[in-house]
file run.txt (compact mmCIF, C-alpha atoms)
# COMPACT_ATOMS: atom_id res chain seq x y z
CA MET A 1 -10.28 -4.73 -14.87
CA VAL A 2 -10.94 -8.45 -14.94
CA SER A 3 -9.36 -8.68 -18.40
CA VAL A 4 -6.19 -6.97 -17.14
CA ALA A 5 -6.10 -9.50 -14.31
CA VAL A 6 -6.49 -12.36 -16.81
CA ALA A 7 -3.58 -10.98 -18.81
CA ILE A 8 -1.50 -10.95 -15.62
CA VAL A 9 -2.14 -14.66 -15.19
CA TRP A 10 -0.87 -15.56 -18.67
CA MET A 11 2.11 -13.26 -19.07
CA LYS A 12 5.49 -14.82 -18.43
CA ASP A 13 7.60 -11.67 -18.64
CA LEU A 14 7.53 -10.34 -15.10
CA ILE A 15 8.23 -6.72 -16.08
CA ALA A 16 5.19 -6.69 -18.37
CA VAL A 17 3.18 -8.22 -15.53
CA VAL A 18 4.25 -5.44 -13.19
CA MET A 19 3.29 -2.78 -15.75
CA LEU A 20 -0.14 -4.40 -16.08
CA LEU A 21 -0.41 -4.39 -12.29
CA GLY A 22 0.20 -0.64 -12.35
CA ILE A 23 -2.67 -0.21 -14.82
CA TYR A 24 -4.77 -2.48 -12.65
CA GLY A 25 -4.04 -0.32 -9.60
CA LEU A 26 -5.06 2.82 -11.46
CA LEU A 27 -8.31 1.17 -12.62
CA THR A 28 -9.03 0.14 -9.04
CA ALA A 29 -8.48 3.73 -7.92
CA SER A 30 -10.94 5.06 -10.50
CA PHE A 31 -13.44 2.44 -9.40
CA PHE A 32 -13.09 3.74 -5.84
CA VAL A 33 -13.80 7.28 -7.02
CA ALA A 34 -16.96 6.02 -8.71
CA MET A 35 -17.92 4.39 -5.41
CA ASP A 36 -17.56 7.76 -3.57
CA ALA A 37 -14.54 6.54 -1.63
CA VAL A 38 -12.25 9.45 -2.43
CA ASP A 39 -9.84 8.91 0.45
CA VAL A 40 -9.37 5.27 -0.47
CA ALA A 41 -8.96 6.11 -4.16
CA PHE A 42 -6.24 8.57 -3.25
CA THR A 43 -4.36 5.92 -1.30
CA GLU A 44 -4.82 3.25 -3.96
CA ALA A 45 -3.62 5.58 -6.74
CA SER A 46 -0.42 6.41 -4.90
CA VAL A 47 0.21 2.95 -3.46
CA GLY A 48 -1.22 0.51 -6.01
CA ALA A 49 -0.24 2.36 -9.16
CA GLY A 50 2.90 3.99 -7.79
CA ILE A 51 4.89 2.53 -4.94
CA SER A 52 4.00 -1.16 -5.31
CA THR A 53 4.89 -1.14 -9.03
CA LEU A 54 8.18 0.47 -8.15
CA LEU A 55 9.03 -2.01 -5.39
CA LEU A 56 8.19 -4.98 -7.61
CA LEU A 57 10.42 -3.57 -10.35
CA VAL A 58 13.30 -3.14 -7.95
CA ALA A 59 12.78 -6.68 -6.66
CA ILE A 60 12.70 -8.10 -10.21
CA ALA A 61 15.85 -6.21 -11.09
CA LYS A 62 17.55 -8.16 -8.35
CA THR A 63 16.10 -11.58 -9.10
CA LYS A 64 15.06 -12.90 -12.50
CA ARG A 65 12.98 -11.37 -15.21
CA ALA A 66 11.39 -14.36 -16.94
CA GLU A 67 9.09 -16.82 -15.29
CA HIS A 68 9.91 -20.49 -15.59
CA PRO A 69 7.43 -21.87 -18.16
CA VAL A 70 6.64 -25.20 -16.48
CA ARG A 71 3.59 -25.17 -14.28
CA HIS A 72 2.65 -28.21 -12.28
CA LYS A 73 -0.89 -29.54 -12.14
CA PRO A 74 -2.71 -26.45 -13.44
CA MET A 75 -5.86 -28.54 -13.92
CA LEU A 76 -6.10 -29.40 -10.24
CA ALA A 77 -5.54 -25.76 -9.29
CA LEU A 78 -8.17 -24.69 -11.80
CA LEU A 79 -10.63 -27.15 -10.33
CA VAL A 80 -10.07 -25.88 -6.80
CA VAL A 81 -10.46 -22.28 -7.97
CA VAL A 82 -13.65 -22.97 -9.94
CA VAL A 83 -15.26 -24.85 -7.06
CA THR A 84 -14.36 -22.13 -4.54
CA GLY A 85 -15.55 -19.40 -6.92
CA GLY A 86 -18.81 -21.24 -7.53
CA LEU A 87 -19.46 -21.54 -3.82
CA LEU A 88 -18.67 -17.86 -3.29
CA ILE A 89 -21.06 -16.82 -6.07
CA TYR A 90 -23.70 -19.05 -4.53
CA GLY A 91 -23.06 -17.18 -1.28
CA THR A 92 -23.58 -13.77 -2.92
CA PHE A 93 -27.28 -14.52 -3.48
CA ASP A 94 -27.81 -13.90 0.22
CA MET A 95 -26.03 -10.55 0.05
CA PRO A 96 -28.02 -7.29 0.05
CA ILE A 97 -28.65 -5.64 -3.33
CA PHE A 98 -25.85 -3.27 -4.38
CA GLY A 99 -26.32 0.32 -3.19
CA ILE A 100 -29.52 -0.28 -1.26
CA ALA A 101 -29.98 1.86 1.87
CA GLU A 102 -31.45 -0.95 4.00
CA ALA A 103 -28.26 -3.03 3.87
CA PRO A 104 -27.07 -4.06 7.36
CA ALA A 105 -23.78 -2.22 6.85
CA HIS A 106 -25.58 1.12 6.71
CA THR A 107 -27.96 0.67 9.62
CA HIS A 108 -25.64 0.30 12.61
CA VAL A 109 -22.76 2.41 13.83
CA ALA A 110 -22.17 4.26 10.52
CA GLN A 111 -25.32 6.30 11.01
CA ARG A 112 -23.98 7.66 14.27
CA TYR A 113 -20.68 8.65 12.68
CA ILE A 114 -22.47 10.54 9.91
CA GLU A 115 -24.89 12.34 12.21
CA ASP A 116 -22.84 13.10 15.29
CA SER A 117 -19.22 13.29 14.20
CA TYR A 118 -19.33 16.99 13.31
CA ALA A 119 -20.70 17.95 16.71
CA GLU A 120 -18.25 15.69 18.56
CA VAL A 121 -15.06 16.04 16.53
CA GLY A 122 -15.72 19.16 14.49
CA ILE A 123 -14.13 18.25 11.16
CA PRO A 124 -16.09 17.75 7.95
CA ASN A 125 -14.21 14.71 6.58
CA ILE A 126 -15.92 11.80 8.32
CA VAL A 127 -13.29 9.33 7.14
CA THR A 128 -10.58 11.30 8.92
CA SER A 129 -12.59 11.70 12.10
CA VAL A 130 -13.37 7.98 12.28
CA LEU A 131 -9.80 7.06 11.38
CA ALA A 132 -8.09 9.34 13.82
CA SER A 133 -10.59 9.77 16.63
CA TYR A 134 -13.26 7.08 16.95
CA ARG A 135 -11.04 4.25 15.82
CA GLY A 136 -7.74 5.84 16.79
CA PHE A 137 -6.59 2.74 18.59
CA ASP A 138 -6.91 0.57 15.45
CA THR A 139 -4.99 3.11 13.44
CA PHE A 140 -2.28 3.09 16.08
CA GLY A 141 -2.02 -0.67 15.65
CA GLU A 142 -1.74 -0.27 11.89
CA VAL A 143 1.04 2.28 12.21
CA VAL A 144 2.89 -0.16 14.45
CA VAL A 145 2.42 -2.90 11.81
CA ILE A 146 3.91 -0.65 9.13
CA PHE A 147 6.80 0.22 11.42
CA THR A 148 7.41 -3.46 12.14
CA ALA A 149 7.38 -4.29 8.43
CA GLY A 150 9.96 -1.55 7.89
CA ILE A 151 12.18 -3.04 10.59
CA GLY A 152 11.71 -6.49 9.02
CA VAL A 153 12.85 -5.32 5.58
CA LEU A 154 15.74 -3.50 7.14
CA GLY A 155 16.78 -6.61 9.03
CA LEU A 156 16.49 -8.87 5.98
CA LEU A 157 18.26 -6.72 3.45
CA THR A 158 20.86 -4.71 5.30
CA VAL A 159 24.40 -5.99 5.34
CA SER A 160 26.95 -4.49 7.64
CA GLY A 161 30.11 -2.99 6.19
CA GLY A 162 30.47 -0.41 3.48
CA THR A 163 31.10 -2.46 0.34
CA GLY A 164 30.47 -1.23 -3.15
CA ARG A 165 31.29 2.39 -2.58
CA ARG A 166 33.50 2.83 -5.61
CA ASN A 167 30.93 1.17 -7.84
CA GLN A 168 28.21 3.55 -6.68
CA GLU A 169 30.12 6.60 -7.75
CA ILE A 170 30.50 5.22 -11.24
CA THR A 171 26.76 4.69 -11.61
CA THR A 172 26.09 8.17 -10.28
CA LYS A 173 28.34 9.68 -12.89
CA LYS A 174 26.66 7.70 -15.63
CA MET A 175 23.23 8.87 -14.51
CA HIS A 176 24.30 12.50 -14.60
CA GLU A 177 25.34 12.28 -18.22
CA GLN A 178 22.45 10.19 -19.49
CA HIS A 179 19.15 11.60 -18.35
CA LYS A 180 19.55 15.33 -18.57
CA VAL A 181 15.94 16.11 -19.54
CA LEU A 182 14.53 13.78 -16.93
CA ARG A 183 16.68 15.27 -14.23
CA ILE A 184 15.76 18.86 -15.02
CA VAL A 185 12.04 18.05 -15.16
CA ALA A 186 12.34 16.16 -11.90
CA LYS A 187 14.16 19.06 -10.31
CA ILE A 188 11.19 21.28 -11.13
CA LEU A 189 8.62 18.67 -10.13
CA ILE A 190 9.97 17.36 -6.84
CA PRO A 191 9.42 20.54 -4.77
CA PHE A 192 5.80 20.60 -5.93
CA MET A 193 5.38 16.92 -5.09
CA LEU A 194 6.67 17.49 -1.58
CA LEU A 195 4.54 20.60 -1.21
CA PHE A 196 1.48 18.68 -2.40
CA ALA A 197 2.22 15.95 0.13
CA LEU A 198 2.29 18.55 2.90
CA TYR A 199 -1.00 19.99 1.65
CA VAL A 200 -2.56 16.51 1.68
CA GLN A 201 -1.16 15.98 5.17
CA PHE A 202 -2.62 19.10 6.76
CA HIS A 203 -5.76 19.42 4.68
CA GLY A 204 -6.91 15.90 5.55
CA ASP A 205 -9.45 17.31 8.02
CA TYR A 206 -11.42 19.11 5.34
CA GLY A 207 -10.89 17.24 2.09
CA PRO A 208 -9.68 13.79 1.11
CA GLY A 209 -6.22 13.10 2.42
CA GLY A 210 -4.34 12.47 5.62
CA GLY A 211 -1.20 10.99 7.02
CA PHE A 212 -1.19 7.74 5.05
CA GLN A 213 -1.59 9.35 1.62
CA ALA A 214 0.75 12.21 2.39
CA GLY A 215 3.41 9.82 3.64
CA VAL A 216 3.28 7.79 0.44
CA ILE A 217 3.43 10.87 -1.80
CA PHE A 218 6.31 12.35 0.16
CA ALA A 219 8.21 9.08 -0.05
CA ALA A 220 7.52 8.93 -3.81
CA GLY A 221 9.17 12.32 -4.17
CA ILE A 222 12.24 11.14 -2.29
CA ILE A 223 12.39 7.90 -4.30
CA LEU A 224 12.16 9.82 -7.60
CA TYR A 225 15.08 11.90 -6.48
CA ALA A 226 17.07 8.82 -5.52
CA MET A 227 16.37 7.14 -8.86
CA LEU A 228 17.45 10.07 -11.00
CA PHE A 229 20.38 11.40 -9.06
CA GLY A 230 21.85 8.11 -7.91
CA MET A 231 21.66 6.40 -4.56
CA ASN A 232 24.85 7.97 -3.36
CA THR A 233 23.64 11.55 -3.75
CA ALA A 234 20.31 10.65 -2.20
CA ARG A 235 22.04 9.03 0.77
CA ARG A 236 23.97 12.22 1.34
CA VAL A 237 20.77 14.29 1.29
CA ILE A 238 18.70 11.89 3.39
CA ASN A 239 20.62 10.54 6.30
CA GLN A 240 19.86 6.86 6.90
CA THR A 241 20.12 7.02 10.67
CA LEU A 242 17.92 10.09 10.70
CA ILE A 243 15.19 8.47 8.63
CA GLN A 244 15.18 5.41 10.88
CA LEU A 245 14.86 7.75 13.82
CA ILE A 246 11.94 9.53 12.12
CA ALA A 247 10.11 6.23 11.60
CA ALA A 248 10.31 5.52 15.31
CA LEU A 249 9.48 9.13 16.15
CA GLY A 250 6.18 8.93 14.26
CA VAL A 251 5.02 5.92 16.29
CA LEU A 252 6.26 7.59 19.44
CA LEU A 253 4.37 10.80 18.67
CA TYR A 254 1.16 8.83 18.15
CA GLY A 255 1.61 6.91 21.39
CA ALA A 256 2.61 10.04 23.29
CA VAL A 257 -0.60 11.81 22.31
CA GLY A 258 -2.48 8.80 23.65
CA MET A 259 -0.55 8.84 26.90
CA LEU A 260 -1.03 12.59 27.22
CA SER A 261 -4.79 12.10 27.27
CA PHE A 262 -4.21 9.59 30.09
CA VAL A 263 -2.33 12.22 32.04
CA ASN A 264 -5.10 14.75 31.44
CA GLY A 265 -7.67 12.39 32.92
CA GLY A 266 -9.23 10.82 29.84
CA THR A 267 -8.93 7.39 28.27
CA PHE A 268 -6.20 6.39 25.80
CA LEU A 269 -6.36 8.57 22.66
CA ASP A 270 -9.29 10.63 23.96
CA TYR A 271 -8.33 14.03 22.54
CA SER A 272 -11.19 15.97 24.10
CA VAL A 273 -9.24 16.38 27.32
CA LEU A 274 -6.11 17.76 25.63
CA LEU A 275 -7.39 21.34 25.70
CA THR A 276 -10.14 23.00 27.71
CA ASP A 277 -12.36 23.19 24.63
CA PRO A 278 -13.08 19.57 23.61
CA ILE A 279 -13.49 20.38 19.89
CA ALA A 280 -10.17 22.23 19.79
CA GLY A 281 -8.65 19.33 21.69
CA GLN A 282 -9.92 16.90 19.06
CA HIS A 283 -8.45 19.10 16.31
CA LEU A 284 -5.07 19.22 17.98
CA GLY A 285 -5.06 15.49 18.66
CA ILE A 286 -5.98 14.59 15.09
CA ILE A 287 -3.38 16.88 13.56
CA LEU A 288 -0.70 15.47 15.86
CA ILE A 289 -1.47 11.82 15.23
CA GLU A 290 -1.85 12.37 11.48
CA LEU A 291 1.59 13.92 11.62
CA GLY A 292 2.84 10.83 13.42
CA VAL A 293 1.27 8.58 10.77
CA GLY A 294 2.72 10.69 7.96
CA LEU A 295 6.23 10.62 9.45
CA THR A 296 6.21 6.87 9.95
CA VAL A 297 4.80 6.04 6.51
CA THR A 298 7.26 8.34 4.72
CA ALA A 299 10.21 7.02 6.65
CA VAL A 300 9.29 3.33 6.35
CA ILE A 301 8.66 3.46 2.60
CA THR A 302 11.91 5.35 2.07
CA ILE A 303 13.75 2.81 4.22
CA ILE A 304 12.23 -0.08 2.24
CA PHE A 305 13.26 1.47 -1.07
CA PHE A 306 16.77 2.30 0.10
CA SER A 307 17.38 -1.18 1.47
CA PHE A 308 16.14 -2.80 -1.75
CA ALA A 309 18.13 -0.54 -4.05
CA GLY A 310 21.19 -0.53 -1.82
CA ARG A 311 21.20 -4.32 -1.89
CA GLU A 312 21.44 -4.33 -5.68
CA GLU A 313 24.55 -2.21 -5.77
CA ILE A 314 26.33 -4.34 -3.21
CA GLN A 315 25.47 -7.42 -5.24
CA ASP A 316 26.79 -5.90 -8.45
CA TYR A 317 30.02 -5.05 -6.78
CA ARG A 318 30.44 -8.60 -5.52
CA ASN A 319 29.78 -10.01 -8.96
CA ASP A 320 32.33 -7.66 -10.49
CA THR A 321 35.09 -8.55 -8.07
CA GLY A 322 34.20 -12.22 -7.89
CA ALA A 323 34.62 -12.78 -11.62
CA MET B 324 -32.49 -9.05 -8.70
CA LEU B 325 -29.65 -10.63 -10.67
CA ILE B 326 -28.11 -7.35 -11.76
CA GLY B 327 -28.01 -6.24 -8.12
CA HIS B 328 -25.26 -8.71 -7.37
CA TYR B 329 -22.88 -8.15 -10.28
CA ASN B 330 -20.35 -6.25 -8.16
CA TYR B 331 -19.94 -9.28 -5.91
CA TRP B 332 -19.31 -11.44 -8.97
CA VAL B 333 -16.55 -9.13 -10.14
CA VAL B 334 -15.03 -9.45 -6.68
CA VAL B 335 -15.28 -13.24 -6.80
CA ALA B 336 -13.75 -13.34 -10.30
CA LEU B 337 -10.79 -11.19 -9.25
CA MET B 338 -10.34 -13.11 -6.03
CA MET B 339 -10.28 -16.43 -7.87
CA LEU B 340 -7.78 -15.11 -10.43
CA GLY B 341 -5.50 -14.07 -7.60
CA PHE B 342 -6.03 -17.41 -5.89
CA PHE B 343 -5.23 -19.26 -9.13
CA ILE B 344 -1.95 -17.36 -9.49
CA ILE B 345 -1.00 -18.18 -5.91
CA ILE B 346 -1.56 -21.92 -6.16
CA ALA B 347 -0.70 -22.61 -9.81
CA HIS B 348 2.46 -20.56 -10.32
CA GLY B 349 5.83 -21.50 -8.90
CA ASN B 350 7.44 -18.10 -9.31
CA LEU B 351 7.59 -16.31 -5.96
CA ILE B 352 7.22 -12.79 -7.35
CA LYS B 353 4.23 -13.93 -9.40
CA LYS B 354 2.76 -15.37 -6.22
CA ILE B 355 3.13 -12.00 -4.49
CA ILE B 356 1.40 -10.32 -7.44
CA GLY B 357 -1.42 -12.86 -7.11
CA LEU B 358 -1.67 -12.01 -3.44
CA THR B 359 -1.95 -8.31 -4.36
CA ILE B 360 -4.83 -9.05 -6.74
CA PHE B 361 -6.55 -11.15 -4.08
CA GLN B 362 -6.11 -8.29 -1.63
CA THR B 363 -7.54 -5.73 -4.05
CA SER B 364 -10.64 -7.86 -4.57
CA VAL B 365 -11.29 -7.71 -0.83
CA PHE B 366 -10.84 -3.91 -0.94
CA ILE B 367 -13.37 -3.69 -3.78
CA PHE B 368 -15.77 -5.87 -1.80
CA TYR B 369 -15.66 -3.58 1.22
CA ILE B 370 -15.93 -0.38 -0.80
CA SER B 371 -18.90 -1.65 -2.79
CA ILE B 372 -20.62 -2.55 0.47
CA ALA B 373 -20.13 1.05 1.59
CA LYS B 374 -21.76 2.48 -1.55
CA LEU B 375 -25.20 3.99 -1.10
CA ASP B 376 -27.43 4.81 -4.07
CA GLY B 377 -27.61 8.59 -4.42
CA GLY B 378 -25.07 9.00 -1.64
CA SER B 379 -22.15 11.40 -1.74
CA ALA B 380 -18.52 11.10 -0.66
CA PRO B 381 -18.37 11.12 3.16
CA ILE B 382 -17.21 14.70 3.57
CA LEU B 383 -19.86 16.78 5.27
CA ALA B 384 -21.26 19.57 3.10
CA GLU B 385 -24.25 21.88 3.00
CA GLY B 386 -27.38 20.46 1.41
CA VAL B 387 -26.23 16.85 1.27
CA SER B 388 -27.99 14.37 3.49
CA ASP B 389 -26.96 10.95 2.13
CA TYR B 390 -23.38 9.84 2.48
CA SER B 391 -21.66 6.61 1.64
CA ASN B 392 -20.68 4.58 4.67
CA PRO B 393 -17.36 5.98 5.99
CA LEU B 394 -16.43 3.01 8.15
CA PRO B 395 -15.37 0.56 5.37
CA HIS B 396 -13.42 3.43 3.78
CA VAL B 397 -11.39 3.83 6.95
CA LEU B 398 -10.73 0.11 7.20
CA ILE B 399 -9.59 -0.17 3.58
CA LEU B 400 -7.55 3.02 3.66
CA THR B 401 -5.31 1.63 6.35
CA ALA B 402 -5.41 -1.88 4.87
CA ILE B 403 -3.92 -0.61 1.60
CA VAL B 404 -0.93 0.95 3.32
CA VAL B 405 -0.44 -2.05 5.58
CA GLY B 406 -0.74 -4.21 2.44
CA ILE B 407 2.14 -2.45 0.71
CA ALA B 408 4.28 -2.77 3.84
CA THR B 409 3.69 -6.53 4.04
CA THR B 410 4.22 -6.90 0.27
CA ALA B 411 7.56 -5.19 0.69
CA LEU B 412 8.44 -7.64 3.44
CA GLY B 413 7.50 -10.55 1.15
CA LEU B 414 9.66 -9.15 -1.64
CA ALA B 415 12.54 -8.73 0.77
CA ILE B 416 12.29 -12.41 1.71
CA THR B 417 12.15 -13.30 -2.02
CA VAL B 418 15.34 -11.36 -2.65
CA ARG B 419 17.07 -13.21 0.16
CA ILE B 420 15.82 -16.56 -1.16
CA ASN B 421 17.18 -15.68 -4.58
CA GLU B 422 20.55 -14.95 -3.05
CA ALA B 423 20.58 -18.18 -1.07
CA TYR B 424 19.28 -20.54 -3.77
CA GLY B 425 19.95 -18.65 -7.01
CA SER B 426 16.33 -19.07 -8.05
CA ILE B 427 12.86 -17.82 -7.25
CA GLU B 428 11.06 -20.87 -8.65
CA GLU B 429 9.50 -23.12 -6.06
CA GLU B 430 10.53 -26.37 -7.81
CA PHE B 431 14.23 -25.55 -7.95
CA ILE B 432 14.24 -24.43 -4.35
CA GLN B 433 12.59 -27.63 -3.23
CA LYS B 434 14.96 -29.72 -5.34
CA GLN B 435 17.92 -28.08 -3.68
CA ASP B 436 16.39 -28.63 -0.26
CA ASN B 437 15.87 -32.32 -0.98
CA GLN B 438 19.48 -32.82 -2.10
CA THR B 439 20.97 -31.69 1.17
call {"tool": "encode", "arguments": {"input": "run.txt", "output": "structure tokens"}}
result
Amino acid sequence: MVSVAVAIVWMKDLIAVVMLLGIYGLLTASFFVAMDAVDVAFTEASVGAGISTLLLLVAIAKTKRAEHPVRHKPMLALLVVVVTGGLLIYGTFDMPIFGIAEAPAHTHVAQRYIEDSYAEVGIPNIVTSVLASYRGFDTFGEVVVIFTAGIGVLGLLTVSGGTGRRNQEITTKKMHEQHKVLRIVAKILIPFMLLFALYVQFHGDYGPGGGFQAGVIFAAGIILYAMLFGMNTARRVINQTLIQLIAALGVLLYGAVGMLSFVNGGTFLDYSVLLTDPIAGQHLGIILIELGVGLTVTAVITIIFFSFAGREEIQDYRNDTGA
Amino acid sequence: MLIGHYNYWVVVALMMLGFFIIIAHGNLIKKIIGLTIFQTSVFIFYISIAKLDGGSAPILAEGVSDYSNPLPHVLILTAIVVGIATTALGLAITVRINEAYGSIEEEFIQKQDNQT
């Protein structure tokens, strides 16, 4: 993993760098599996090795491929890095031994989650119960951050006015003729991808999975469709206004569940009061907020991809007419 | 004793590589990639803290009594998704900079700024 990272430092061709980053993401995911963090590995595999590679590629397609060879003062930078690294390694000598049970991280609140969460929340996946129930407020904040980032990308990259329409149809036609095998395979695969995303979404209580992972996988399915069938076709299938509405709806759903527990006499995001049976209430609350998370993540990632890719086509059109 | 800390050293090595890319490279996309590597090293740090010798994945099952710590998993799980969202925002800004200046190299951008 370190050697892949070293290669990333030296490579000048940005596309090769991005490919290496994809490999790096996959290696990180397998490391997480080895560390028993299955939920995290799931997320890293779909985000690090999938979506982030894709977004970087789209961004490179719109900027420049090669890196400018001149680097200024690499020696000074190297010095700073070596000194900082040395200090950090010196600091690790005070850290607890790897994997030891007496480490401070294992002796405080985590013990309570492991012992009591099944009686209090009633779902076997502790990660999901901590994420959605005990620390539900943090997760709410994170969903809002993702939503805000989506709005930011939308604001930065969207241009008003429908330029480049004619150009889009030409590219669509070209795509149809070129990648016949790819398109047929994708046509078979995409329903299963979406189905798998839904499984991950609703099975998150019992196995690894949940709203975040499901959202990313679902968005990956949509993006695959958009890449192979052309942006124009994808825009017709997935309405832009609708998807923006869905992004907001996810956050709203999450917040509404929180407010509902207010109305029922509990504190914010306390699902036990949602139904008469507290365990059933917790179940309902977690499923609802995971749904909210899933909706927002899917919608925001799709929005980000569409605004990046849409930008490119508009640019091409301008270059064509400007020449 | 020494071997018990090797995971932290891997984290430090990755973190410093990411740091080096951020400060030594002028290319904005390369900088974002460096930031991603830096970020991943922090993820690895948290996850390796959560690891417990002989522990199992934190999904309750019959006959298992030791679990890895679920709390860092939760933190990192959300951090990854937030990370991709902020990366996307950074890339969006890069694309706009490229449109405004015609370059994503720091030097050229600064040169143009100094001329005006």
call {"tool": "interface_residues", "arguments": {"input": "run.txt", "of": "chain B", "to": "chain A", "cutoff": "6 Å", "atoms": "all atoms listed in the file", "output": "VMD selection string"}}
result
chain B and resid 327 339 347 374 to 376 380 to 383 393 397 400 405 408 412 415
call {"tool": "write_last_selection", "arguments": {"input": "run.txt", "atoms": "C-alpha atoms", "output": "compact mmCIF listing (two decimals), in the coordinates of the input"}}
result
# COMPACT_ATOMS: atom_id res chain seq x y z
CA GLY B 327 -28.01 -6.24 -8.12
CA MET B 339 -10.28 -16.43 -7.87
CA ALA B 347 -0.70 -22.61 -9.81
CA LYS B 374 -21.76 2.48 -1.55
CA LEU B 375 -25.20 3.99 -1.10
CA ASP B 376 -27.43 4.81 -4.07
CA ALA B 380 -18.52 11.10 -0.66
CA PRO B 381 -18.37 11.12 3.16
CA ILE B 382 -17.21 14.70 3.57
CA LEU B 383 -19.86 16.78 5.27
CA PRO B 393 -17.36 5.98 5.99
CA VAL B 397 -11.39 3.83 6.95
CA LEU B 400 -7.55 3.02 3.66
CA VAL B 405 -0.44 -2.05 5.58
CA ALA B 408 4.28 -2.77 3.84
CA LEU B 412 8.44 -7.64 3.44
CA ALA B 415 12.54 -8.73 0.77
call {"tool": "residues_around", "arguments": {"input": "run.txt", "residues": "segment 353-369 of chain B", "least_positions_apart": "6", "cutoff": "7 Å", "atoms": "only C-alpha atoms", "output": "mmCIF file with C-alpha atoms, in the coordinates of the input"}}
result
data_model
loop_
_atom_site.group_PDB
_atom_site.id
_atom_site.type_symbol
_atom_site.label_atom_id
_atom_site.label_comp_id
_atom_site.auth_asym_id
_atom_site.auth_seq_id
_atom_site.Cartn_x
_atom_site.Cartn_y
_atom_site.Cartn_z
ATOM 1 C CA TYR B 331 -19.940 -9.280 -5.910
ATOM 2 C CA VAL B 334 -15.030 -9.450 -6.680
ATOM 3 C CA LEU B 337 -10.790 -11.190 -9.250
ATOM 4 C CA MET B 338 -10.340 -13.110 -6.030
ATOM 5 C CA GLY B 341 -5.500 -14.070 -7.600
ATOM 6 C CA PHE B 342 -6.030 -17.410 -5.890
ATOM 7 C CA ILE B 344 -1.950 -17.360 -9.490
ATOM 8 C CA ILE B 345 -1.000 -18.180 -5.910
ATOM 9 C CA PRO B 395 -15.370 0.560 5.370
ATOM 10 C CA ILE B 399 -9.590 -0.170 3.580
#
call {"tool": "axis_aligned_box", "arguments": {"input": "run.txt", "around": "segment 370-383 of chain B", "padding_each_side": "5 Å", "output": "AutoDock Vina command-line options"}}
result
--center_x -21.8 --center_y 7.1 --center_z 0.4 --size_x 21.7 --size_y 29.3 --size_z 19.7
call {"tool": "atom_distance", "arguments": {"input": "run.txt", "atom1": "atom CA of Gly294 of chain A", "atom2": "atom CA of Arg112 of chain A"}}
result
27.6 Å
call {"tool": "atom_distance", "arguments": {"input": "run.txt", "atom1": "atom CA of Met231 of chain A", "atom2": "atom CA of Ile403 of chain B"}}
result
27.2 Å
call {"tool": "atom_distance", "arguments": {"input": "run.txt", "atom1": "atom CA of Ile287 of chain A", "atom2": "atom CA of Phe202 of chain A"}}
result
7.2 Å
call {"tool": "closest_residue", "arguments": {"input": "run.txt", "among": "B:Ile407, B:Leu414, B:Ala423, B:Ile372", "to": "Asp436 of chain B", "atoms": "only C-alpha atoms"}}
result
B:Ala423
